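Here's query28.cif, which has mmCIF, C-alpha atoms (C1' of nucleotides):
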data_input
#
loop_
_atom_site.label_atom_id
_atom_site.label_comp_id
_atom_site.auth_asym_id
_atom_site.auth_seq_id
_atom_site.Cartn_x
_atom_site.Cartn_y
_atom_site.Cartn_z
CA MET A 3 -30.74 -12.71 -38.93
CA THR A 4 -29.55 -10.59 -36.07
CA MET A 5 -29.96 -6.91 -36.74
CA SER A 6 -28.20 -4.82 -34.15
CA THR A 7 -25.76 -1.98 -33.75
CA THR A 8 -23.12 -4.50 -32.71
CA PRO A 9 -21.00 -5.74 -35.59
CA PRO A 10 -21.36 -9.47 -36.43
CA ILE A 11 -19.15 -11.83 -34.46
CA ASP A 12 -17.15 -13.06 -37.46
CA GLU A 13 -16.13 -9.61 -38.46
CA VAL A 14 -15.00 -8.77 -34.95
CA ALA A 15 -12.92 -11.91 -34.82
CA ARG A 16 -11.42 -11.32 -38.26
CA ASP A 17 -10.19 -7.84 -37.64
CA ALA A 18 -9.19 -8.16 -34.02
CA ALA A 19 -5.62 -7.63 -35.12
CA ALA A 20 -6.53 -4.58 -37.19
CA ARG A 21 -8.43 -3.14 -34.27
CA LEU A 22 -5.41 -3.60 -32.04
CA ARG A 23 -3.03 -2.05 -34.56
CA ALA A 24 -5.36 0.92 -34.89
CA ALA A 25 -5.10 1.37 -31.13
CA GLY A 26 -1.31 1.27 -31.37
CA LEU A 27 -1.03 -2.13 -29.73
CA ARG A 28 0.83 -5.11 -31.11
CA PRO A 29 -1.60 -7.88 -32.00
CA THR A 30 -0.17 -10.59 -29.80
CA ARG A 31 -1.86 -13.95 -29.37
CA GLN A 32 -3.06 -12.94 -25.92
CA ARG A 33 -4.49 -9.62 -26.95
CA VAL A 34 -6.29 -11.10 -29.94
CA ALA A 35 -7.85 -13.72 -27.66
CA LEU A 36 -8.98 -11.00 -25.28
CA VAL A 37 -10.43 -8.84 -28.05
CA ARG A 38 -12.45 -11.81 -29.24
CA ALA A 39 -13.66 -12.69 -25.76
CA LEU A 40 -14.57 -9.08 -25.04
CA PHE A 41 -16.11 -7.95 -28.30
CA GLY A 42 -17.32 -11.21 -29.79
CA GLN A 43 -20.66 -11.35 -28.05
CA GLY A 44 -22.28 -7.94 -27.84
CA ASP A 45 -22.10 -5.52 -24.96
CA ARG A 46 -20.68 -6.87 -21.73
CA HIS A 47 -19.59 -5.88 -18.27
CA VAL A 48 -16.70 -8.06 -17.17
CA THR A 49 -14.33 -8.15 -14.26
CA ALA A 50 -10.69 -9.10 -14.69
CA GLU A 51 -11.26 -12.40 -12.91
CA GLN A 52 -14.21 -13.29 -15.13
CA LEU A 53 -12.25 -12.61 -18.27
CA TYR A 54 -9.30 -14.55 -16.91
CA ALA A 55 -11.55 -17.55 -16.24
CA GLU A 56 -12.94 -17.35 -19.78
CA THR A 57 -9.56 -17.28 -21.44
CA GLN A 58 -8.34 -20.16 -19.29
CA ALA A 59 -11.04 -22.27 -20.93
CA LEU A 60 -9.68 -21.39 -24.40
CA ASP A 61 -6.68 -22.78 -26.23
CA VAL A 62 -4.82 -19.52 -25.78
CA GLY A 63 -3.87 -19.15 -22.14
CA VAL A 64 -3.57 -15.63 -20.78
CA SER A 65 -2.13 -14.86 -17.38
CA LEU A 66 -4.05 -12.78 -14.87
CA ALA A 67 -1.39 -10.07 -15.00
CA THR A 68 -1.86 -9.80 -18.74
CA VAL A 69 -5.63 -9.61 -18.36
CA TYR A 70 -5.19 -6.64 -16.04
CA ASN A 71 -2.58 -4.97 -18.24
CA THR A 72 -4.70 -5.43 -21.33
CA LEU A 73 -7.91 -4.19 -19.77
CA HIS A 74 -6.16 -1.00 -18.77
CA GLN A 75 -4.52 -0.57 -22.16
CA PHE A 76 -7.87 -1.05 -23.87
CA THR A 77 -9.45 1.46 -21.53
CA ARG A 78 -6.74 4.02 -22.30
CA ALA A 79 -7.22 3.33 -26.00
CA GLY A 80 -10.94 4.02 -25.69
CA LEU A 81 -11.99 0.45 -26.49
CA LEU A 82 -13.40 -0.07 -23.00
CA ARG A 83 -14.85 2.01 -20.22
CA GLU A 84 -13.93 1.23 -16.64
CA LEU A 85 -16.71 1.21 -14.08
CA ALA A 86 -15.83 1.38 -10.40
CA ILE A 87 -19.28 1.01 -8.95
CA GLY A 88 -19.88 -1.48 -6.19
CA SER A 89 -16.78 -1.41 -4.02
CA GLY A 90 -14.09 -3.96 -4.49
CA ARG A 91 -13.75 -5.06 -8.08
CA SER A 92 -13.77 -2.96 -11.27
CA TYR A 93 -16.03 -3.73 -14.19
CA PHE A 94 -15.01 -3.12 -17.77
CA ASP A 95 -17.77 -2.12 -20.13
CA THR A 96 -17.48 -2.88 -23.83
CA ASN A 97 -20.11 -0.24 -24.55
CA THR A 98 -18.22 3.03 -24.75
CA GLY A 99 -21.17 5.07 -25.99
CA HIS A 100 -23.40 7.37 -24.00
CA HIS A 101 -25.33 5.33 -21.48
CA HIS A 102 -25.92 4.70 -17.80
CA HIS A 103 -26.47 1.68 -15.54
CA PHE A 104 -28.81 -0.30 -13.41
CA PHE A 105 -26.82 -1.73 -10.52
CA TYR A 106 -28.30 -4.77 -8.78
CA GLU A 107 -27.18 -4.37 -5.20
CA GLY A 108 -27.70 -8.03 -4.34
CA THR A 109 -25.69 -9.59 -7.13
CA GLY A 110 -23.44 -6.76 -8.25
CA GLN A 111 -24.79 -7.18 -11.77
CA LEU A 112 -24.78 -4.21 -14.15
CA VAL A 113 -27.28 -3.59 -16.95
CA ASP A 114 -27.05 -0.84 -19.52
CA VAL A 115 -29.58 1.96 -19.68
CA PRO A 116 -29.49 3.81 -23.00
CA GLY A 117 -28.26 7.35 -22.51
CA GLU A 118 -31.39 8.89 -23.99
CA LEU A 119 -33.59 7.28 -21.35
CA VAL A 120 -32.06 9.33 -18.58
CA GLN A 121 -32.40 13.07 -18.80
CA VAL A 122 -29.99 14.85 -16.51
CA ALA A 123 -30.93 18.50 -16.54
CA SER A 124 -29.07 21.42 -15.06
CA VAL A 125 -25.84 19.89 -13.84
CA PRO A 126 -24.10 22.61 -11.85
CA LEU A 127 -20.91 24.09 -13.24
CA PRO A 128 -17.71 22.70 -11.76
CA PRO A 129 -15.16 24.99 -10.09
CA LYS A 130 -13.39 27.10 -12.70
CA GLY A 131 -10.18 25.73 -14.09
CA THR A 132 -11.76 22.29 -14.18
CA GLU A 133 -13.88 20.47 -16.69
CA VAL A 134 -16.62 17.87 -16.53
CA SER A 135 -15.27 14.69 -18.06
CA GLY A 136 -18.53 12.79 -17.74
CA VAL A 137 -21.72 12.28 -15.82
CA ASP A 138 -22.51 8.81 -14.54
CA VAL A 139 -25.99 7.89 -13.43
CA ILE A 140 -26.32 4.72 -11.39
CA ILE A 141 -29.79 3.44 -10.69
CA ARG A 142 -29.42 1.16 -7.72
CA ILE A 143 -31.85 -1.75 -7.68
CA LYS A 144 -32.86 -3.41 -4.45
CA ASP A 145 -33.59 -6.88 -5.76
CA GLY A 146 -35.37 -8.16 -2.73
CA GLY A 147 -39.12 -8.07 -2.26
CA CYS A 148 -40.81 -11.15 -3.63
CA MET B 23 -23.69 33.11 14.14
CA THR B 24 -23.54 30.14 11.86
CA MET B 25 -26.88 29.36 10.34
CA SER B 26 -26.94 26.02 8.62
CA THR B 27 -28.78 22.74 8.55
CA THR B 28 -25.87 21.15 10.42
CA PRO B 29 -26.22 21.30 14.20
CA PRO B 30 -23.52 23.31 16.04
CA ILE B 31 -20.35 21.45 16.97
CA ASP B 32 -20.85 21.68 20.73
CA GLU B 33 -24.25 20.15 20.61
CA VAL B 34 -23.03 17.30 18.47
CA ALA B 35 -20.24 16.61 20.92
CA ARG B 36 -22.54 16.84 23.93
CA ASP B 37 -25.12 14.40 22.75
CA ALA B 38 -22.86 11.96 20.94
CA ALA B 39 -23.88 9.37 23.52
CA ALA B 40 -27.56 10.14 23.11
CA ARG B 41 -27.23 9.88 19.35
CA LEU B 42 -25.61 6.48 19.74
CA ARG B 43 -28.23 5.24 22.15
CA ALA B 44 -30.95 6.38 19.78
CA ALA B 45 -29.32 4.23 17.11
CA GLY B 46 -29.31 1.26 19.47
CA LEU B 47 -25.56 1.33 19.97
CA ARG B 48 -23.75 1.40 23.29
CA PRO B 49 -21.92 4.67 23.75
CA THR B 50 -18.43 3.33 24.24
CA ARG B 51 -15.39 5.58 24.43
CA GLN B 52 -14.41 4.60 20.92
CA ARG B 53 -17.79 5.21 19.35
CA VAL B 54 -18.18 8.57 21.06
CA ALA B 55 -14.76 9.59 19.73
CA LEU B 56 -15.78 8.53 16.24
CA VAL B 57 -19.11 10.35 16.39
CA ARG B 58 -17.28 13.51 17.36
CA ALA B 59 -14.69 13.15 14.64
CA LEU B 60 -17.33 12.41 12.03
CA PHE B 61 -20.08 14.87 12.93
CA GLY B 62 -18.16 17.58 14.70
CA GLN B 63 -17.15 19.57 11.64
CA GLY B 64 -19.93 19.70 9.09
CA ASP B 65 -20.40 17.41 6.13
CA ARG B 66 -17.48 15.16 5.30
CA HIS B 67 -16.44 12.31 3.06
CA VAL B 68 -13.97 10.11 4.90
CA THR B 69 -12.29 6.82 4.28
CA ALA B 70 -11.68 4.33 7.07
CA GLU B 71 -7.95 5.01 6.95
CA GLN B 72 -8.44 8.76 7.20
CA LEU B 73 -10.68 8.42 10.21
CA TYR B 74 -8.27 5.96 11.78
CA ALA B 75 -5.42 8.44 11.35
CA GLU B 76 -7.52 11.19 12.94
CA THR B 77 -8.43 9.17 15.98
CA GLN B 78 -4.82 8.07 16.44
CA ALA B 79 -3.99 11.72 16.99
CA LEU B 80 -6.56 11.95 19.78
CA ASP B 81 -6.34 10.81 23.36
CA VAL B 82 -8.84 8.03 22.66
CA GLY B 83 -7.19 5.41 20.52
CA VAL B 84 -9.41 3.42 18.21
CA SER B 85 -8.20 0.37 16.33
CA LEU B 86 -8.60 0.11 12.59
CA ALA B 87 -10.93 -2.87 13.00
CA THR B 88 -13.18 -0.79 15.21
CA VAL B 89 -13.18 2.06 12.73
CA TYR B 90 -14.42 -0.34 10.06
CA ASN B 91 -16.98 -1.97 12.35
CA THR B 92 -18.28 1.38 13.48
CA LEU B 93 -18.51 2.89 10.02
CA HIS B 94 -20.64 -0.02 8.93
CA GLN B 95 -22.83 0.09 12.02
CA PHE B 96 -23.37 3.81 11.51
CA THR B 97 -24.24 3.20 7.89
CA ARG B 98 -26.78 0.55 8.86
CA ALA B 99 -28.22 2.90 11.44
CA GLY B 100 -28.68 5.59 8.80
CA LEU B 101 -26.11 7.96 10.31
CA LEU B 102 -23.79 7.62 7.32
CA ARG B 103 -24.06 6.84 3.66
CA GLU B 104 -21.45 4.63 2.02
CA LEU B 105 -20.08 5.72 -1.34
CA ALA B 106 -18.20 3.23 -3.47
CA ILE B 107 -17.13 5.53 -6.25
CA GLY B 108 -13.50 5.58 -7.33
CA SER B 109 -12.28 2.00 -7.24
CA GLY B 110 -10.50 0.72 -4.22
CA ARG B 111 -11.54 2.44 -1.05
CA SER B 112 -15.02 3.29 0.22
CA TYR B 113 -15.99 6.78 1.32
CA PHE B 114 -18.44 7.43 4.12
CA ASP B 115 -20.59 10.51 3.74
CA THR B 116 -21.95 12.27 6.80
CA ASN B 117 -24.58 13.90 4.64
CA THR B 118 -27.41 11.39 4.39
CA GLY B 119 -29.83 13.75 2.67
CA HIS B 120 -30.70 13.88 -1.01
CA HIS B 121 -27.62 14.97 -2.94
CA HIS B 122 -25.08 13.95 -5.53
CA HIS B 123 -21.32 14.31 -6.06
CA PHE B 124 -18.53 15.90 -7.96
CA PHE B 125 -15.71 13.38 -8.18
CA TYR B 126 -12.23 14.77 -8.85
CA GLU B 127 -10.57 12.07 -10.90
CA GLY B 128 -7.07 13.25 -10.12
CA THR B 129 -7.29 13.34 -6.35
CA GLY B 130 -10.25 11.11 -5.60
CA GLN B 131 -11.86 14.00 -3.71
CA LEU B 132 -15.64 14.16 -3.42
CA VAL B 133 -17.72 17.33 -3.16
CA ASP B 134 -21.44 17.45 -2.50
CA VAL B 135 -23.89 18.71 -5.07
CA PRO B 136 -27.28 19.57 -3.55
CA GLY B 137 -29.95 17.20 -4.80
CA GLU B 138 -32.09 19.96 -6.23
CA LEU B 139 -29.33 21.10 -8.57
CA VAL B 140 -29.49 17.88 -10.56
CA GLN B 141 -32.71 17.05 -12.26
CA VAL B 142 -32.88 13.45 -13.34
CA ALA B 143 -35.94 13.06 -15.50
CA SER B 144 -37.51 9.93 -16.86
CA VAL B 145 -35.51 7.18 -15.21
CA PRO B 146 -36.63 3.94 -16.87
CA LEU B 147 -38.58 1.46 -14.81
CA PRO B 148 -36.56 -1.43 -13.42
CA PRO B 149 -37.49 -5.03 -14.22
CA LYS B 150 -40.68 -6.01 -12.40
CA GLY B 151 -40.29 -7.59 -9.00
CA THR B 152 -37.50 -5.15 -8.26
CA GLU B 153 -37.42 -1.66 -6.87
CA VAL B 154 -35.20 1.37 -7.29
CA SER B 155 -33.41 1.98 -4.02
CA GLY B 156 -31.69 5.14 -5.17
CA VAL B 157 -30.23 7.08 -8.05
CA ASP B 158 -26.65 8.28 -7.78
CA VAL B 159 -25.31 10.96 -10.08
CA ILE B 160 -21.56 11.32 -10.22
CA ILE B 161 -20.14 14.27 -12.10
CA ARG B 162 -16.60 13.33 -12.91
CA ILE B 163 -14.18 16.25 -12.96
CA LYS B 164 -11.03 16.12 -15.02
CA ASP B 165 -8.86 18.42 -12.92
CA GLY B 166 -6.10 18.89 -15.41
CA GLY B 167 -5.76 21.87 -17.70
CA CYS B 168 -4.15 24.81 -15.95
"C1'" DT C 5 18.52 -13.61 -39.33
"C1'" DT C 6 19.59 -10.51 -35.51
"C1'" DC C 7 18.80 -6.78 -32.81
"C1'" DT C 8 15.84 -3.97 -30.25
"C1'" DT C 9 11.72 -3.05 -28.20
"C1'" DC C 10 7.58 -4.33 -26.50
"C1'" DT C 11 4.98 -8.30 -24.01
"C1'" DT C 12 4.04 -11.82 -21.08
"C1'" DT C 13 4.39 -14.12 -16.89
"C1'" DA C 14 4.90 -16.27 -12.18
"C1'" DG C 15 5.18 -14.97 -8.05
"C1'" DA C 16 5.93 -11.52 -4.61
"C1'" DA C 17 4.15 -7.27 -2.83
"C1'" DT C 18 0.56 -4.03 -1.68
"C1'" DC C 19 -3.80 -2.09 -0.31
"C1'" DA C 20 -8.30 -2.15 1.50
"C1'" DT C 21 -11.11 -4.83 4.06
"C1'" DT C 22 -12.81 -8.71 6.83
"C1'" DC C 23 -12.24 -12.41 10.09
"C1'" DT C 24 -10.84 -14.70 14.43
"C1'" DA C 25 -10.38 -15.57 18.91
"C1'" DA C 26 -8.96 -13.52 23.03
"C1'" DT C 27 -9.55 -9.74 26.03
"C1'" DC C 28 -12.22 -5.91 27.73
"C1'" DT C 29 -16.29 -3.03 29.26
"C1'" DA C 30 -21.27 -1.41 29.61
"C1'" DT C 31 -25.24 -2.62 31.47
"C1'" DT C 32 -28.29 -5.24 34.41
"C1'" DG C 33 -29.97 -7.29 38.39
"C1'" DA C 34 -28.99 -9.17 42.94
"C1'" DT D 14 -21.64 -2.11 45.00
"C1'" DC D 15 -20.48 -6.38 42.55
"C1'" DA D 16 -20.76 -10.12 39.70
"C1'" DA D 17 -22.70 -12.02 35.56
"C1'" DT D 18 -23.42 -11.52 30.78
"C1'" DA D 19 -24.08 -9.72 26.51
"C1'" DG D 20 -21.90 -6.78 23.61
"C1'" DA D 21 -17.46 -4.29 22.04
"C1'" DT D 22 -12.62 -3.87 21.07
"C1'" DT D 23 -8.37 -5.44 19.42
"C1'" DA D 24 -3.98 -7.40 17.31
"C1'" DG D 25 -2.88 -9.95 14.02
"C1'" DA D 26 -3.93 -13.33 10.54
"C1'" DA D 27 -6.56 -14.05 6.36
"C1'" DT D 28 -8.71 -12.64 2.13
"C1'" DG D 29 -9.51 -10.52 -2.35
"C1'" DA D 30 -8.41 -7.40 -5.85
"C1'" DT D 31 -4.87 -5.33 -8.00
"C1'" DT D 32 -0.09 -3.89 -9.00
"C1'" DC D 33 4.80 -4.63 -9.19
"C1'" DT D 34 9.19 -6.97 -10.42
"C1'" DA D 35 12.43 -9.02 -12.89
"C1'" DA D 36 13.26 -12.52 -16.03
"C1'" DA D 37 12.07 -14.96 -20.21
"C1'" DG D 38 9.49 -14.71 -24.63
"C1'" DA D 39 7.61 -12.84 -29.08
"C1'" DA D 40 7.08 -8.95 -32.86
"C1'" DG D 41 8.74 -5.69 -35.97
"C1'" DA D 42 12.54 -3.47 -38.31
"C1'" DA D 43 16.97 -3.60 -40.66
#

For this file, produce the structure as structure tokens.
Amino acid sequence: MTMSTTPPIDEVARDAAARLRAAGLRPTRQRVALVRALFGQGDRHVTAEQLYAETQALDVGVSLATVYNTLHQFTRAGLLRELAIGSGRSYFDTNTGHHHHFFYEGTGQLVDVPGELVQVASVPLPPKGTEVSGVDVIIRIKDGGC
Amino acid sequence: MTMSTTPPIDEVARDAAARLRAAGLRPTRQRVALVRALFGQGDRHVTAEQLYAETQALDVGVSLATVYNTLHQFTRAGLLRELAIGSGRSYFDTNTGHHHHFFYEGTGQLVDVPGELVQVASVPLPPKGTEVSGVDVIIRIKDGGC
DNA sequence: TTCTTCTTTAGAATCATTCTAATCTATTGA
DNA sequence: TCAATAGATTAGAATGATTCTAAAGAAGAA
């Protein structure tokens, strides 16, 4: 029996539509398929192309344009967090809680680091009239060596 | 009299060629022009397009391809640090010392934060066989409000 | 149903960046 | 000083990620 903070897969699949409605989005076939792909297997970091490839393999086809649209809608709705780390592509993180990342420079892979494990002390105040919307810590990993 | 860690502009301009030679790069007209544009006015965060636009305004024309080539050579030589922060374009930072960044979400502007002002405690150890090559802290600024 | 509004989509367009192959130019050695 | 050569520059094509466009398709309300 898997005991984790992530809800069981079945449940996620069952209320994909409810989740979408709660976010103010119509539960279309495409969006339901994307919710299942994204949230059906624990925390993930996916690119648009990866997700597109996954949905192509399913019965429900989703166009690349829709993958992009949906990822942005989900991000706006707070279901995803967008990570623009290595240059080029964007990653979308299904973990929207407080955490940071290991970034493997060689492969571009991202791995979560629980927020509590990184203590950022004394962040300077931003110029007045502005507000800190978040602090991202990226631990770059040089995966060479051996 | 300006007292800073950055060398005076004149000096930078004068020994642009020497600086290039020290990095193992031939001091061509184009590279000298780029060294002056980059290091002649204190710490900067430039994109390739910005630098290209600047050099177009000078007497020494530099092609966009050369701007890209040179930025990467300089980065490899340790003269610049590449920042892939907001998605899309890369920024090149003339400050290669220990520091972090404010990132203005609205404009994409970057501002240095001295390394000492951010205390990152207890970074978790990376998987064995790998090594931490750096820790980047990005303080995202939501410049809305007023 | 039927209408209206929101969605999806293929393909074109865009933006940043890299590649290619031809043309130059620093440097070296005669 | 001059030619040879290794390295540098360049225009333009190619690539990769993403966004746009305009037309056709589905959801929700009446």

Within 8 Å of chain C: each chain B residue with its shortest pair, only C-alpha atoms (C1' of nucleotides), as a tab-separated table:
residue	atom	partner	partner_atom	distance
B:Arg48	CA	C:DA30	C1'	7.3
B:Thr50	CA	C:DA30	C1'	7.7
B:Gly110	CA	C:DA20	C1'	6.8
B:Arg111	CA	C:DA20	C1'	6.2

query = Any idea which chain A residues end up within 12 Å of chain D if we count only C-alpha atoms (C1' of nucleotides), as a ChimeraX atom specification please?
reply = /A:27-32,49-51,66-71,74,89-93

Could the residues in this selection be written to a file with C-alpha atoms, as a PDB file, in the frame of the given file?
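Done, and the output landed in out_18.pdb:
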ATOM      1  CA  LEU A  27      -1.030  -2.130 -29.730  1.00  0.00           C
ATOM      2  CA  ARG A  28       0.830  -5.110 -31.110  1.00  0.00           C
ATOM      3  CA  PRO A  29      -1.600  -7.880 -32.000  1.00  0.00           C
ATOM      4  CA  THR A  30      -0.170 -10.590 -29.800  1.00  0.00           C
ATOM      5  CA  ARG A  31      -1.860 -13.950 -29.370  1.00  0.00           C
ATOM      6  CA  GLN A  32      -3.060 -12.940 -25.920  1.00  0.00           C
ATOM      7  CA  THR A  49     -14.330  -8.150 -14.260  1.00  0.00           C
ATOM      8  CA  ALA A  50     -10.690  -9.100 -14.690  1.00  0.00           C
ATOM      9  CA  GLU A  51     -11.260 -12.400 -12.910  1.00  0.00           C
ATOM     10  CA  LEU A  66      -4.050 -12.780 -14.870  1.00  0.00           C
ATOM     11  CA  ALA A  67      -1.390 -10.070 -15.000  1.00  0.00           C
ATOM     12  CA  THR A  68      -1.860  -9.800 -18.740  1.00  0.00           C
ATOM     13  CA  VAL A  69      -5.630  -9.610 -18.360  1.00  0.00           C
ATOM     14  CA  TYR A  70      -5.190  -6.640 -16.040  1.00  0.00           C
ATOM     15  CA  ASN A  71      -2.580  -4.970 -18.240  1.00  0.00           C
ATOM     16  CA  HIS A  74      -6.160  -1.000 -18.770  1.00  0.00           C
ATOM     17  CA  SER A  89     -16.780  -1.410  -4.020  1.00  0.00           C
ATOM     18  CA  GLY A  90     -14.090  -3.960  -4.490  1.00  0.00           C
ATOM     19  CA  ARG A  91     -13.750  -5.060  -8.080  1.00  0.00           C
ATOM     20  CA  SER A  92     -13.770  -2.960 -11.270  1.00  0.00           C
ATOM     21  CA  TYR A  93     -16.030  -3.730 -14.190  1.00  0.00           C
TER      22      TYR A  93
END

key: Residues selected by the PyMOL selection byres ((chain A) within 12 of (chain B)), written as a PyMOL selection string   = chain A and resi 84-93+102-108+113-148

Keeping only C-alpha atoms, write those residues as a PDB file, in the frame of the given file.
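New file again.pdb:
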ATOM      1  CA  GLU A  84     -13.930   1.230 -16.640  1.00  0.00           C
ATOM      2  CA  LEU A  85     -16.710   1.210 -14.080  1.00  0.00           C
ATOM      3  CA  ALA A  86     -15.830   1.380 -10.400  1.00  0.00           C
ATOM      4  CA  ILE A  87     -19.280   1.010  -8.950  1.00  0.00           C
ATOM      5  CA  GLY A  88     -19.880  -1.480  -6.190  1.00  0.00           C
ATOM      6  CA  SER A  89     -16.780  -1.410  -4.020  1.00  0.00           C
ATOM      7  CA  GLY A  90     -14.090  -3.960  -4.490  1.00  0.00           C
ATOM      8  CA  ARG A  91     -13.750  -5.060  -8.080  1.00  0.00           C
ATOM      9  CA  SER A  92     -13.770  -2.960 -11.270  1.00  0.00           C
ATOM     10  CA  TYR A  93     -16.030  -3.730 -14.190  1.00  0.00           C
ATOM     11  CA  HIS A 102     -25.920   4.700 -17.800  1.00  0.00           C
ATOM     12  CA  HIS A 103     -26.470   1.680 -15.540  1.00  0.00           C
ATOM     13  CA  PHE A 104     -28.810  -0.300 -13.410  1.00  0.00           C
ATOM     14  CA  PHE A 105     -26.820  -1.730 -10.520  1.00  0.00           C
ATOM     15  CA  TYR A 106     -28.300  -4.770  -8.780  1.00  0.00           C
ATOM     16  CA  GLU A 107     -27.180  -4.370  -5.200  1.00  0.00           C
ATOM     17  CA  GLY A 108     -27.700  -8.030  -4.340  1.00  0.00           C
ATOM     18  CA  VAL A 113     -27.280  -3.590 -16.950  1.00  0.00           C
ATOM     19  CA  ASP A 114     -27.050  -0.840 -19.520  1.00  0.00           C
ATOM     20  CA  VAL A 115     -29.580   1.960 -19.680  1.00  0.00           C
ATOM     21  CA  PRO A 116     -29.490   3.810 -23.000  1.00  0.00           C
ATOM     22  CA  GLY A 117     -28.260   7.350 -22.510  1.00  0.00           C
ATOM     23  CA  GLU A 118     -31.390   8.890 -23.990  1.00  0.00           C
ATOM     24  CA  LEU A 119     -33.590   7.280 -21.350  1.00  0.00           C
ATOM     25  CA  VAL A 120     -32.060   9.330 -18.580  1.00  0.00           C
ATOM     26  CA  GLN A 121     -32.400  13.070 -18.800  1.00  0.00           C
ATOM     27  CA  VAL A 122     -29.990  14.850 -16.510  1.00  0.00           C
ATOM     28  CA  ALA A 123     -30.930  18.500 -16.540  1.00  0.00           C
ATOM     29  CA  SER A 124     -29.070  21.420 -15.060  1.00  0.00           C
ATOM     30  CA  VAL A 125     -25.840  19.890 -13.840  1.00  0.00           C
ATOM     31  CA  PRO A 126     -24.100  22.610 -11.850  1.00  0.00           C
ATOM     32  CA  LEU A 127     -20.910  24.090 -13.240  1.00  0.00           C
ATOM     33  CA  PRO A 128     -17.710  22.700 -11.760  1.00  0.00           C
ATOM     34  CA  PRO A 129     -15.160  24.990 -10.090  1.00  0.00           C
ATOM     35  CA  LYS A 130     -13.390  27.100 -12.700  1.00  0.00           C
ATOM     36  CA  GLY A 131     -10.180  25.730 -14.090  1.00  0.00           C
ATOM     37  CA  THR A 132     -11.760  22.290 -14.180  1.00  0.00           C
ATOM     38  CA  GLU A 133     -13.880  20.470 -16.690  1.00  0.00           C
ATOM     39  CA  VAL A 134     -16.620  17.870 -16.530  1.00  0.00           C
ATOM     40  CA  SER A 135     -15.270  14.690 -18.060  1.00  0.00           C
ATOM     41  CA  GLY A 136     -18.530  12.790 -17.740  1.00  0.00           C
ATOM     42  CA  VAL A 137     -21.720  12.280 -15.820  1.00  0.00           C
ATOM     43  CA  ASP A 138     -22.510   8.810 -14.540  1.00  0.00           C
ATOM     44  CA  VAL A 139     -25.990   7.890 -13.430  1.00  0.00           C
ATOM     45  CA  ILE A 140     -26.320   4.720 -11.390  1.00  0.00           C
ATOM     46  CA  ILE A 141     -29.790   3.440 -10.690  1.00  0.00           C
ATOM     47  CA  ARG A 142     -29.420   1.160  -7.720  1.00  0.00           C
ATOM     48  CA  ILE A 143     -31.850  -1.750  -7.680  1.00  0.00           C
ATOM     49  CA  LYS A 144     -32.860  -3.410  -4.450  1.00  0.00           C
ATOM     50  CA  ASP A 145     -33.590  -6.880  -5.760  1.00  0.00           C
ATOM     51  CA  GLY A 146     -35.370  -8.160  -2.730  1.00  0.00           C
ATOM     52  CA  GLY A 147     -39.120  -8.070  -2.260  1.00  0.00           C
ATOM     53  CA  CYS A 148     -40.810 -11.150  -3.630  1.00  0.00           C
TER      54      CYS A 148
END

ask   = Hey, can you check how far atom CA of B:Gln131 sits from atom CA of B:Gly64?
value =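 We find that atom CA of B:Gln131 and atom CA of B:Gly64 lie 16.2 Å from each other.
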
Using only the atoms of stretch 11-19 of chain C listed in the file, plus 4 Å on each side, state the axis-aligned box centre and edge lengths in Å rounded to one decimal, as JSON.
{"center_x": 1.1, "center_y": -9.2, "center_z": -12.2, "size_x": 17.7, "size_y": 22.2, "size_z": 31.7}
